[in-house]
$ cat run-v6.cif   # mmCIF, C-alpha atoms
data_query
loop_
_atom_site.label_atom_id
_atom_site.label_comp_id
_atom_site.auth_asym_id
_atom_site.auth_seq_id
_atom_site.Cartn_x
_atom_site.Cartn_y
_atom_site.Cartn_z
CA MET A 1 5.51 -9.81 20.62
CA ASN A 2 5.80 -13.15 18.78
CA PRO A 3 3.90 -14.04 15.57
CA GLN A 4 1.47 -16.41 17.30
CA THR A 5 0.51 -13.79 19.88
CA ALA A 6 0.16 -11.21 17.13
CA ARG A 7 -2.14 -13.47 15.10
CA THR A 8 -4.35 -14.25 18.09
CA GLU A 9 -4.55 -10.60 19.10
CA LEU A 10 -5.39 -9.39 15.61
CA LYS A 11 -7.96 -12.12 14.99
CA GLY A 12 -9.75 -11.32 18.24
CA PHE A 13 -9.67 -7.62 17.45
CA LEU A 14 -11.09 -8.16 13.94
CA ASP A 15 -13.87 -10.40 15.23
CA ASN A 16 -14.87 -7.70 17.73
CA GLN A 17 -14.76 -4.99 15.06
CA LYS A 18 -16.93 -7.04 12.71
CA ALA A 19 -19.51 -7.58 15.47
CA GLU A 20 -19.55 -3.86 16.28
CA PHE A 21 -19.89 -2.95 12.61
CA LEU A 22 -22.85 -5.27 12.08
CA SER A 23 -24.62 -3.71 15.05
CA ALA A 24 -23.93 -0.11 13.89
CA PRO A 25 -22.47 0.04 10.32
CA ASN A 26 -20.01 2.88 9.70
CA PHE A 27 -17.03 2.24 7.44
CA ALA A 28 -14.71 5.19 8.11
CA PRO A 29 -14.10 4.59 11.86
CA LEU A 30 -13.76 0.85 11.23
CA GLU A 31 -11.08 1.35 8.56
CA ARG A 32 -9.08 3.69 10.77
CA ARG A 33 -9.32 1.47 13.85
CA ILE A 34 -8.17 -1.61 11.94
CA CYS A 35 -5.28 0.31 10.38
CA GLN A 36 -4.10 1.65 13.74
CA LYS A 37 -4.24 -1.79 15.33
CA VAL A 38 -2.30 -3.36 12.47
CA ASP A 39 0.31 -0.59 12.71
CA ASP A 40 0.75 -1.31 16.41
CA VAL A 41 1.07 -5.07 15.89
CA VAL A 42 3.43 -5.11 12.92
CA THR A 43 5.76 -2.49 14.39
CA ALA A 44 5.87 -4.49 17.65
CA LEU A 45 6.84 -7.58 15.65
CA TRP A 46 9.62 -5.68 13.89
CA GLU A 47 11.10 -4.29 17.10
CA ALA A 48 12.57 -7.72 17.80
CA VAL A 49 14.09 -8.32 14.35
CA LEU A 50 15.18 -4.97 12.90
CA PRO A 51 18.30 -3.02 13.92
CA GLU A 52 17.91 -0.56 16.79
CA LYS A 53 19.41 2.20 14.67
CA PRO A 54 18.45 1.25 11.11
CA SER A 55 19.98 3.01 8.15
CA GLY A 56 19.68 2.75 4.40
CA PHE A 57 16.17 1.32 4.24
CA ALA A 58 12.59 2.08 5.17
CA VAL A 59 9.41 0.02 5.37
CA MET A 60 6.36 1.94 4.21
CA ALA A 61 2.66 1.26 3.96
CA VAL A 62 1.34 1.98 0.45
CA GLY A 63 -2.02 1.94 -1.32
CA GLY A 64 -5.06 1.72 0.94
CA TYR A 65 -2.91 0.79 3.92
CA GLY A 66 -0.77 3.85 3.24
CA ARG A 67 -3.91 6.02 3.29
CA GLY A 68 -4.75 4.64 6.72
CA THR A 69 -7.77 2.64 5.59
CA LEU A 70 -7.94 -1.13 5.99
CA HIS A 71 -10.98 -3.37 5.59
CA PRO A 72 -11.00 -6.75 7.38
CA GLU A 73 -10.31 -8.44 4.01
CA SER A 74 -7.78 -5.89 2.72
CA ASP A 75 -4.24 -6.70 1.63
CA LEU A 76 -1.41 -5.43 3.78
CA ASP A 77 0.55 -3.59 1.06
CA LEU A 78 4.15 -2.73 1.91
CA LEU A 79 7.06 -1.08 0.15
CA ILE A 80 10.54 -2.06 1.37
CA PHE A 81 12.78 0.69 0.02
CA PHE A 82 16.58 0.72 0.00
CA ASP A 83 18.74 3.77 -0.63
CA SER A 84 21.27 1.64 -2.50
CA VAL A 85 21.46 -2.17 -2.73
CA VAL A 86 18.75 -4.52 -1.49
CA ASP A 87 19.61 -6.29 1.75
CA GLU A 88 17.96 -9.72 1.60
CA GLU A 89 18.38 -10.24 5.35
CA VAL A 90 16.37 -7.10 6.04
CA VAL A 91 13.67 -8.24 3.60
CA LYS A 92 13.45 -11.62 5.34
CA ASN A 93 13.27 -10.04 8.79
CA VAL A 94 10.51 -7.66 7.69
CA LEU A 95 8.32 -10.27 5.98
CA ASN A 96 8.76 -13.49 7.95
CA PRO A 97 6.83 -12.36 11.09
CA LEU A 98 3.85 -11.26 8.95
CA TRP A 99 2.94 -14.42 7.04
CA ASP A 100 0.71 -15.85 9.78
CA LEU A 101 -1.29 -12.68 10.35
CA PRO A 102 -4.97 -12.73 9.30
CA PHE A 103 -4.17 -10.48 6.31
CA ARG A 104 -2.72 -11.12 2.87
CA VAL A 105 0.67 -9.43 2.73
CA GLY A 106 1.55 -7.74 -0.55
CA HIS A 107 5.09 -6.42 -0.73
CA GLN A 108 7.28 -4.62 -3.21
CA ILE A 109 11.04 -4.23 -2.94
CA ARG A 110 12.65 -1.20 -4.55
CA GLN A 111 15.99 0.60 -4.48
CA ALA A 112 16.64 4.18 -5.48
CA SER A 113 18.10 3.21 -8.85
CA ASP A 114 14.76 1.62 -9.84
CA PHE A 115 13.39 5.14 -10.26
CA SER A 116 15.97 6.26 -12.79
CA GLN A 117 13.83 4.98 -15.69
CA PHE A 118 10.08 4.69 -16.24
CA ASP A 119 8.61 1.18 -16.57
CA GLU A 120 5.14 1.17 -18.14
CA GLY A 121 4.43 -2.23 -16.58
CA GLN A 122 4.63 -0.71 -13.09
CA ILE A 123 1.81 1.84 -13.35
CA GLU A 124 -0.24 0.39 -10.51
CA SER A 125 2.84 0.27 -8.29
CA TYR A 126 3.71 3.89 -9.04
CA ALA A 127 0.14 4.86 -8.22
CA ALA A 128 0.18 2.97 -4.90
CA PHE A 129 3.47 4.63 -3.94
CA LEU A 130 1.68 8.01 -4.00
CA ASP A 131 0.12 6.97 -0.68
CA ASP A 132 3.36 5.98 1.07
CA ARG A 133 3.46 6.17 4.87
CA PHE A 134 6.48 5.42 7.09
CA LEU A 135 6.28 2.38 9.37
CA ALA A 136 9.77 1.23 10.30
CA GLY A 137 13.45 1.48 9.44
CA SER A 138 15.19 4.76 8.76
CA PRO A 139 13.03 7.91 8.86
CA GLU A 140 15.69 9.59 6.70
CA SER A 141 15.31 6.96 3.96
CA SER A 142 11.54 7.33 4.07
CA LYS A 143 11.80 11.11 3.90
CA HIS A 144 14.17 10.88 0.93
CA PHE A 145 11.70 8.65 -0.92
CA HIS A 146 8.63 10.70 -0.02
CA GLU A 147 10.00 14.21 -0.48
CA ASP A 148 12.67 13.84 -3.19
CA LEU A 149 12.86 10.56 -5.10
CA LEU A 150 9.19 9.84 -5.83
CA PRO A 151 8.14 13.48 -6.50
CA GLY A 152 11.10 13.89 -8.88
CA PHE A 153 10.20 10.65 -10.66
CA ILE A 154 6.54 11.69 -11.02
CA ARG A 155 7.56 15.13 -12.26
CA ARG A 156 9.89 13.72 -14.92
CA ASN A 157 7.36 11.15 -16.13
CA LYS A 158 4.07 12.89 -15.47
CA ASP A 159 2.58 12.47 -18.95
CA LYS A 160 3.57 8.80 -19.18
CA ILE A 161 2.12 8.05 -15.76
CA LEU A 162 -1.19 9.78 -16.51
CA ARG A 163 -1.52 7.98 -19.85
CA GLY A 164 -0.70 4.69 -18.13
CA MET A 165 -3.35 5.30 -15.48
CA VAL A 166 -5.97 6.00 -18.14
CA GLU A 167 -5.04 2.84 -20.05
CA ALA A 168 -5.00 0.71 -16.88
CA LYS A 169 -8.49 1.93 -15.97
CA ARG A 170 -9.73 1.27 -19.52
CA SER A 171 -8.35 -2.28 -19.40
CA ARG A 172 -9.95 -2.91 -16.02
CA TYR A 173 -13.33 -1.69 -17.25
CA ALA A 174 -13.04 -3.94 -20.32
CA ARG A 175 -12.88 -7.00 -18.06
CA PHE A 176 -16.39 -6.12 -16.88
CA GLY A 177 -17.86 -5.20 -20.25
CA HIS A 178 -17.69 -1.46 -19.52
CA THR A 179 -20.93 -1.67 -17.54
CA LEU A 180 -22.13 -1.07 -14.00
CA PHE A 181 -24.87 -3.66 -14.39
CA GLN A 182 -23.43 -6.97 -13.26
CA LEU A 183 -25.42 -9.84 -11.84
CA GLU A 184 -22.66 -10.41 -9.28
CA PRO A 185 -20.67 -7.13 -9.31
CA ASP A 186 -17.07 -6.99 -8.18
CA LEU A 187 -17.34 -4.27 -5.55
CA LYS A 188 -13.62 -3.54 -5.68
CA ASP A 189 -12.60 -3.57 -9.34
CA ALA A 190 -15.77 -3.21 -11.43
CA PRO A 191 -16.76 0.20 -12.89
CA GLY A 192 -17.96 2.40 -10.04
CA GLY A 193 -16.31 0.15 -7.44
CA VAL A 194 -13.98 0.97 -4.58
CA ARG A 195 -10.87 1.05 -6.78
CA ASP A 196 -12.30 3.94 -8.78
CA PHE A 197 -12.19 6.15 -5.69
CA SER A 198 -8.51 5.47 -5.01
CA TRP A 199 -7.72 5.72 -8.73
CA ALA A 200 -9.32 9.18 -8.90
CA ASP A 201 -7.24 10.28 -5.92
CA TRP A 202 -4.02 8.97 -7.48
CA VAL A 203 -4.76 10.80 -10.75
CA ARG A 204 -5.36 13.99 -8.78
CA LYS A 205 -2.03 13.64 -6.98
CA ALA A 206 -0.20 13.00 -10.26
CA LEU A 207 -1.87 16.01 -11.86
CA GLU A 208 -0.86 18.22 -8.95
CA ALA A 209 2.81 17.31 -9.36
CA PRO A 210 4.67 20.16 -11.13
CA SER A 211 6.01 19.35 -14.58
CA ASP A 212 9.65 19.74 -15.60
#
$ encode --input "run-v6.cif" --output "structure tokens"
Amino acid sequence: MNPQTARTELKGFLDNQKAEFLSAPNFAPLERRICQKVDDVVTALWEAVLPEKPSGFAVMAVGGYGRGTLHPESDLDLLIFFDSVVDEEVVKNVLNPLWDLPFRVGHQIRQASDFSQFDEGQIESYAAFLDDRFLAGSPESSKHFHEDLLPGFIRRNKDKILRGMVEAKRSRYARFGHTLFQLEPDLKDAPGGVRDFSWADWVRKALEAPSD
């Protein structure tokens, strides 16, 4: 599949899903259908540009995309993870076919050594990584990240991460005057909005991680 075909196919699919939703609104099936279609399209695009037997890296969906829920206006959030050094050619091959899709592509590039120390400026990234889901590359690299690297990092820095999550939520609420009553509410980020649901789930997952 080439990028132009992918764009046309996804746009037609989204238009049909929007029409179906307006005739019979129901968010959960819509989110899952969109996510599955995007998975199929992006992995088909990568089949032509990634090695047949990849090693040392994995491409993972994170955040809402990692949870398997995508709205028509959602970002396509990706983590490109490398066991050792970052391979810029791999990064280019992963991202270039996606720029023309009818989604904003948000990507983060990490290598294993990035998780040796805690960075308080990366709280939202750490939270999003809790919903990682393998898409392409090496299943072994993805398994290492999901089962060993990230859980160990969360365990070692549990208190810092929880405090950072609380502070990030407090700062977000402050932007909206700590009130639900907005003339034009931000349905995603305002108090009581969609982000609060994912934030509560991320806090739960961090709390469930065993402490050192």
$ residues_around --input "run-v6.cif" --residues "Lys188 of chain A" --least-positions-apart "2" --cutoff "12 Å" --atoms "all atoms listed in the file" --output "list in words"
His71, Glu73, Ser74, Arg172, Tyr173, Phe176, Glu184, Pro185, Asp186, Ala190, Pro191, Gly192, Gly193, Val194, Arg195, Asp196, Phe197, Ser198 and Trp199 of chain A
$ closest_residue --input "run-v6.cif" --among "A:Arg156, A:Arg32, A:Arg175, A:Arg110" --to "Phe57 of chain A" --atoms "all atoms listed in the file"
A:Arg110
$ closest_residue --input "run-v6.cif" --among "A:Leu30, A:Ala127, A:Leu183, A:Ile109" --to "Ala206 of chain A" --atoms "all atoms listed in the file"
A:Ala127
$ resolve_selection --input "run-v6.cif" --expression "the PyMOL selection byres ((chain A and resi 107) around 7)" --output "number ranges by chain"
A: 77-79, 105-106, 108-109
$ resolve_selection --input "run-v6.cif" --expression "the PyMOL selection byres ((chain A and resi 120) around 10)" --output "short mmCIF file (atom, residue, chain, number, x, y, z; two decimals) with C-alpha atoms, in the frame of the given file"
data_model
loop_
_atom_site.label_atom_id
_atom_site.label_comp_id
_atom_site.auth_asym_id
_atom_site.auth_seq_id
_atom_site.Cartn_x
_atom_site.Cartn_y
_atom_site.Cartn_z
CA GLN A 117 13.83 4.98 -15.69
CA PHE A 118 10.08 4.69 -16.24
CA ASP A 119 8.61 1.18 -16.57
CA GLY A 121 4.43 -2.23 -16.58
CA GLN A 122 4.63 -0.71 -13.09
CA ILE A 123 1.81 1.84 -13.35
CA GLU A 124 -0.24 0.39 -10.51
CA TYR A 126 3.71 3.89 -9.04
CA LYS A 160 3.57 8.80 -19.18
CA ILE A 161 2.12 8.05 -15.76
CA ARG A 163 -1.52 7.98 -19.85
CA GLY A 164 -0.70 4.69 -18.13
CA MET A 165 -3.35 5.30 -15.48
#
$ residues_around --input "run-v6.cif" --residues "Asp100 of chain A" --least-positions-apart "4" --cutoff "8 Å" --atoms "all atoms listed in the file" --output "list of chain:residue names"
A:Pro3, A:Gln4, A:Arg7
$ atom_distance --input "run-v6.cif" --atom1 "atom CA of Ala44 of chain A" --atom2 "atom CA of Thr5 of chain A"
11.0 Å
$ closest_residue --input "run-v6.cif" --among "A:Phe82, A:Asp201, A:Lys11, A:Phe21" --to "Pro54 of chain A" --atoms "all atoms listed in the file"
A:Phe82
$ residues_around --input "run-v6.cif" --residues "Arg104 of chain A" --least-positions-apart "2" --cutoff "8 Å" --atoms "all atoms listed in the file" --output "mmCIF file with C-alpha atoms, in the frame of the given file"
data_model
loop_
_atom_site.group_PDB
_atom_site.id
_atom_site.type_symbol
_atom_site.label_atom_id
_atom_site.label_comp_id
_atom_site.auth_asym_id
_atom_site.auth_seq_id
_atom_site.Cartn_x
_atom_site.Cartn_y
_atom_site.Cartn_z
ATOM 1 C CA SER A 74 -7.780 -5.890 2.720
ATOM 2 C CA ASP A 75 -4.240 -6.700 1.630
ATOM 3 C CA LEU A 76 -1.410 -5.430 3.780
ATOM 4 C CA TRP A 99 2.940 -14.420 7.040
ATOM 5 C CA LEU A 101 -1.290 -12.680 10.350
ATOM 6 C CA PRO A 102 -4.970 -12.730 9.300
ATOM 7 C CA GLY A 106 1.550 -7.740 -0.550
#
$ atom_distance --input "run-v6.cif" --atom1 "atom CA of Arg204 of chain A" --atom2 "atom CA of Lys169 of chain A"
14.4 Å
$ resolve_selection --input "run-v6.cif" --expression "the PyMOL selection byres ((chain A and resi 145) around 12)" --output "ChimeraX atom specification"
/A:56-60,79-84,110-115,129-134,138-144,146-154
$ closest_residue --input "run-v6.cif" --among "A:Asn157, A:Asn26, A:Thr43, A:Gln17" --to "Leu98 of chain A" --atoms "all atoms listed in the file"
A:Thr43
$ residues_around --input "run-v6.cif" --residues "Lys37 of chain A" --least-positions-apart "4" --cutoff "8 Å" --atoms "all atoms listed in the file" --output "JSON, numbers by chain"
{"A": [10, 33, 41]}
$ closest_residue --input "run-v6.cif" --among "A:Ser125, A:Ser171, A:Gly137, A:Val203" --to "Val62 of chain A" --atoms "only C-alpha atoms"
A:Ser125
$ atom_distance --input "run-v6.cif" --atom1 "atom CA of Pro72 of chain A" --atom2 "atom CA of Val166 of chain A"
29.0 Å
$ closest_residue --input "run-v6.cif" --among "A:Val38, A:Ala48, A:Ala61, A:Asp87" --to "Phe103 of chain A" --atoms "all atoms listed in the file"
A:Val38
$ residues_around --input "run-v6.cif" --residues "Cys35 of chain A" --least-positions-apart "4" --cutoff "8 Å" --atoms "only C-alpha atoms" --output "CSV table (one decimal) with C-alpha atoms, in the frame of the given file"
chain,number,residue,atom,x,y,z
A,31,GLU,CA,-11.1,1.4,8.6
A,39,ASP,CA,0.3,-0.6,12.7
A,65,TYR,CA,-2.9,0.8,3.9
A,68,GLY,CA,-4.8,4.6,6.7
A,69,THR,CA,-7.8,2.6,5.6
A,70,LEU,CA,-7.9,-1.1,6.0
$ decode --input "run-v6.cif" --residues "segment 56-196 of chain A" --atoms "C-alpha atoms" --output "mmCIF file, in the first residue's frame"
data_model
loop_
_atom_site.group_PDB
_atom_site.id
_atom_site.type_symbol
_atom_site.label_atom_id
_atom_site.label_comp_id
_atom_site.auth_asym_id
_atom_site.auth_seq_id
_atom_site.Cartn_x
_atom_site.Cartn_y
_atom_site.Cartn_z
ATOM 1 C CA GLY A 56 16.735 -3.913 18.055
ATOM 2 C CA PHE A 57 13.678 -1.682 17.771
ATOM 3 C CA ALA A 58 9.914 -1.710 18.136
ATOM 4 C CA VAL A 59 7.141 0.671 17.109
ATOM 5 C CA MET A 60 4.381 0.871 19.696
ATOM 6 C CA ALA A 61 1.075 2.661 19.998
ATOM 7 C CA VAL A 62 0.842 4.630 23.253
ATOM 8 C CA GLY A 63 -1.758 6.746 25.045
ATOM 9 C CA GLY A 64 -5.291 6.486 23.700
ATOM 10 C CA TYR A 65 -4.080 4.736 20.564
ATOM 11 C CA GLY A 66 -2.272 2.221 22.755
ATOM 12 C CA ARG A 67 -5.528 1.552 24.627
ATOM 13 C CA GLY A 68 -7.206 0.770 21.319
ATOM 14 C CA THR A 69 -9.425 3.850 21.292
ATOM 15 C CA LEU A 70 -9.206 6.457 18.544
ATOM 16 C CA HIS A 71 -11.635 9.281 17.827
ATOM 17 C CA PRO A 72 -11.765 10.713 14.280
ATOM 18 C CA GLU A 73 -9.828 13.770 15.538
ATOM 19 C CA SER A 74 -7.387 11.879 17.786
ATOM 20 C CA ASP A 75 -3.610 12.051 17.517
ATOM 21 C CA LEU A 76 -1.795 8.959 16.342
ATOM 22 C CA ASP A 77 0.652 8.631 19.255
ATOM 23 C CA LEU A 78 3.658 6.382 18.646
ATOM 24 C CA LEU A 79 6.726 5.323 20.583
ATOM 25 C CA ILE A 80 9.739 4.257 18.519
ATOM 26 C CA PHE A 81 11.898 2.346 20.974
ATOM 27 C CA PHE A 82 15.473 1.174 20.433
ATOM 28 C CA ASP A 83 17.294 -1.367 22.576
ATOM 29 C CA SER A 84 20.548 0.552 22.164
ATOM 30 C CA VAL A 85 21.310 3.449 19.797
ATOM 31 C CA VAL A 86 18.683 5.278 17.751
ATOM 32 C CA ASP A 87 18.713 4.386 14.063
ATOM 33 C CA GLU A 88 17.669 7.517 12.162
ATOM 34 C CA GLU A 89 16.958 5.528 9.000
ATOM 35 C CA VAL A 90 14.424 3.400 10.863
ATOM 36 C CA VAL A 91 12.804 6.535 12.317
ATOM 37 C CA LYS A 92 12.510 8.069 8.846
ATOM 38 C CA ASN A 93 11.040 4.883 7.374
ATOM 39 C CA VAL A 94 8.474 4.630 10.175
ATOM 40 C CA LEU A 95 7.304 8.251 10.042
ATOM 41 C CA ASN A 96 7.528 9.321 6.403
ATOM 42 C CA PRO A 97 4.583 7.191 5.135
ATOM 43 C CA LEU A 98 2.301 8.573 7.883
ATOM 44 C CA TRP A 99 2.473 12.333 7.351
ATOM 45 C CA ASP A 100 -0.290 12.433 4.726
ATOM 46 C CA LEU A 101 -2.774 10.360 6.702
ATOM 47 C CA PRO A 102 -5.899 12.147 8.010
ATOM 48 C CA PHE A 103 -4.503 12.030 11.571
ATOM 49 C CA ARG A 104 -1.980 14.120 13.455
ATOM 50 C CA VAL A 105 1.030 11.914 14.159
ATOM 51 C CA GLY A 106 2.654 12.358 17.552
ATOM 52 C CA HIS A 107 5.864 10.407 18.013
ATOM 53 C CA GLN A 108 8.460 9.893 20.696
ATOM 54 C CA ILE A 109 11.856 8.286 20.181
ATOM 55 C CA ARG A 110 13.467 6.522 23.115
ATOM 56 C CA GLN A 111 16.341 4.127 23.739
ATOM 57 C CA ALA A 112 16.790 1.871 26.741
ATOM 58 C CA SER A 113 19.356 4.164 28.364
ATOM 59 C CA ASP A 114 16.733 6.959 28.547
ATOM 60 C CA PHE A 115 15.112 5.021 31.384
ATOM 61 C CA SER A 116 18.180 4.924 33.597
ATOM 62 C CA GLN A 117 17.256 8.258 35.210
ATOM 63 C CA PHE A 118 13.943 9.945 36.004
ATOM 64 C CA ASP A 119 13.131 13.193 34.151
ATOM 65 C CA GLU A 120 10.368 15.208 35.833
ATOM 66 C CA GLY A 121 9.666 17.000 32.553
ATOM 67 C CA GLN A 122 8.553 13.730 30.952
ATOM 68 C CA ILE A 123 5.642 12.855 33.256
ATOM 69 C CA GLU A 124 3.015 12.860 30.522
ATOM 70 C CA SER A 125 5.233 10.676 28.336
ATOM 71 C CA TYR A 126 5.796 8.183 31.144
ATOM 72 C CA ALA A 127 2.053 8.058 31.724
ATOM 73 C CA ALA A 128 1.301 7.463 28.029
ATOM 74 C CA PHE A 129 3.867 4.646 27.912
ATOM 75 C CA LEU A 130 1.748 2.728 30.457
ATOM 76 C CA ASP A 131 -0.615 1.989 27.559
ATOM 77 C CA ASP A 132 2.008 0.683 25.124
ATOM 78 C CA ARG A 133 0.882 -1.766 22.435
ATOM 79 C CA PHE A 134 3.123 -3.465 19.850
ATOM 80 C CA LEU A 135 2.626 -2.520 16.196
ATOM 81 C CA ALA A 136 5.772 -3.292 14.225
ATOM 82 C CA GLY A 137 9.466 -4.086 14.457
ATOM 83 C CA SER A 138 10.875 -6.642 16.855
ATOM 84 C CA PRO A 139 8.393 -8.373 19.192
ATOM 85 C CA GLU A 140 11.341 -9.136 21.486
ATOM 86 C CA SER A 141 12.204 -5.434 21.823
ATOM 87 C CA SER A 142 8.576 -4.611 22.560
ATOM 88 C CA LYS A 143 8.366 -7.390 25.138
ATOM 89 C CA HIS A 144 11.555 -6.168 26.811
ATOM 90 C CA PHE A 145 10.115 -2.652 27.078
ATOM 91 C CA HIS A 146 6.674 -3.772 28.242
ATOM 92 C CA GLU A 147 7.641 -6.510 30.685
ATOM 93 C CA ASP A 148 11.047 -5.432 32.023
ATOM 94 C CA LEU A 149 12.258 -1.922 31.243
ATOM 95 C CA LEU A 150 9.137 0.175 31.864
ATOM 96 C CA PRO A 151 7.880 -1.792 34.914
ATOM 97 C CA GLY A 152 11.350 -1.579 36.486
ATOM 98 C CA PHE A 153 11.496 2.159 35.806
ATOM 99 C CA ILE A 154 8.030 2.730 37.308
ATOM 100 C CA ARG A 155 8.927 0.609 40.340
ATOM 101 C CA ARG A 156 12.136 2.538 41.013
ATOM 102 C CA ASN A 157 10.484 5.938 40.594
ATOM 103 C CA LYS A 158 6.948 5.259 41.757
ATOM 104 C CA ASP A 159 6.699 8.116 44.271
ATOM 105 C CA LYS A 160 8.197 10.663 41.864
ATOM 106 C CA ILE A 161 5.857 9.609 39.078
ATOM 107 C CA LEU A 162 2.753 9.799 41.273
ATOM 108 C CA ARG A 163 3.737 13.227 42.600
ATOM 109 C CA GLY A 164 4.409 14.378 39.036
ATOM 110 C CA MET A 165 0.999 13.152 37.893
ATOM 111 C CA VAL A 166 -0.725 15.032 40.708
ATOM 112 C CA GLU A 167 1.173 18.227 39.892
ATOM 113 C CA ALA A 168 0.502 17.890 36.149
ATOM 114 C CA LYS A 169 -3.222 17.513 36.813
ATOM 115 C CA ARG A 170 -3.188 20.505 39.182
ATOM 116 C CA SER A 171 -1.446 22.639 36.545
ATOM 117 C CA ARG A 172 -3.931 21.564 33.884
ATOM 118 C CA TYR A 173 -6.891 22.441 36.110
ATOM 119 C CA ALA A 174 -5.346 25.850 36.845
ATOM 120 C CA ARG A 175 -5.495 26.713 33.135
ATOM 121 C CA PHE A 176 -9.288 26.431 33.385
ATOM 122 C CA GLY A 177 -9.732 28.218 36.695
ATOM 123 C CA HIS A 178 -10.302 24.965 38.595
ATOM 124 C CA THR A 179 -13.938 24.919 37.498
ATOM 125 C CA LEU A 180 -16.259 22.725 35.461
ATOM 126 C CA PHE A 181 -18.371 25.712 34.459
ATOM 127 C CA GLN A 182 -16.923 27.047 31.225
ATOM 128 C CA LEU A 183 -18.862 28.928 28.593
ATOM 129 C CA GLU A 184 -16.995 26.965 25.912
ATOM 130 C CA PRO A 185 -15.549 23.953 27.789
ATOM 131 C CA ASP A 186 -12.543 22.072 26.508
ATOM 132 C CA LEU A 187 -13.987 18.562 26.400
ATOM 133 C CA LYS A 188 -10.552 16.962 26.410
ATOM 134 C CA ASP A 189 -8.433 18.865 28.932
ATOM 135 C CA ALA A 190 -10.812 20.820 31.190
ATOM 136 C CA PRO A 191 -11.736 19.473 34.662
ATOM 137 C CA GLY A 192 -14.050 16.508 34.194
ATOM 138 C CA GLY A 193 -13.019 16.114 30.552
ATOM 139 C CA VAL A 194 -11.838 13.082 28.626
ATOM 140 C CA ARG A 195 -8.233 13.382 29.829
ATOM 141 C CA ASP A 196 -9.333 12.880 33.424
#
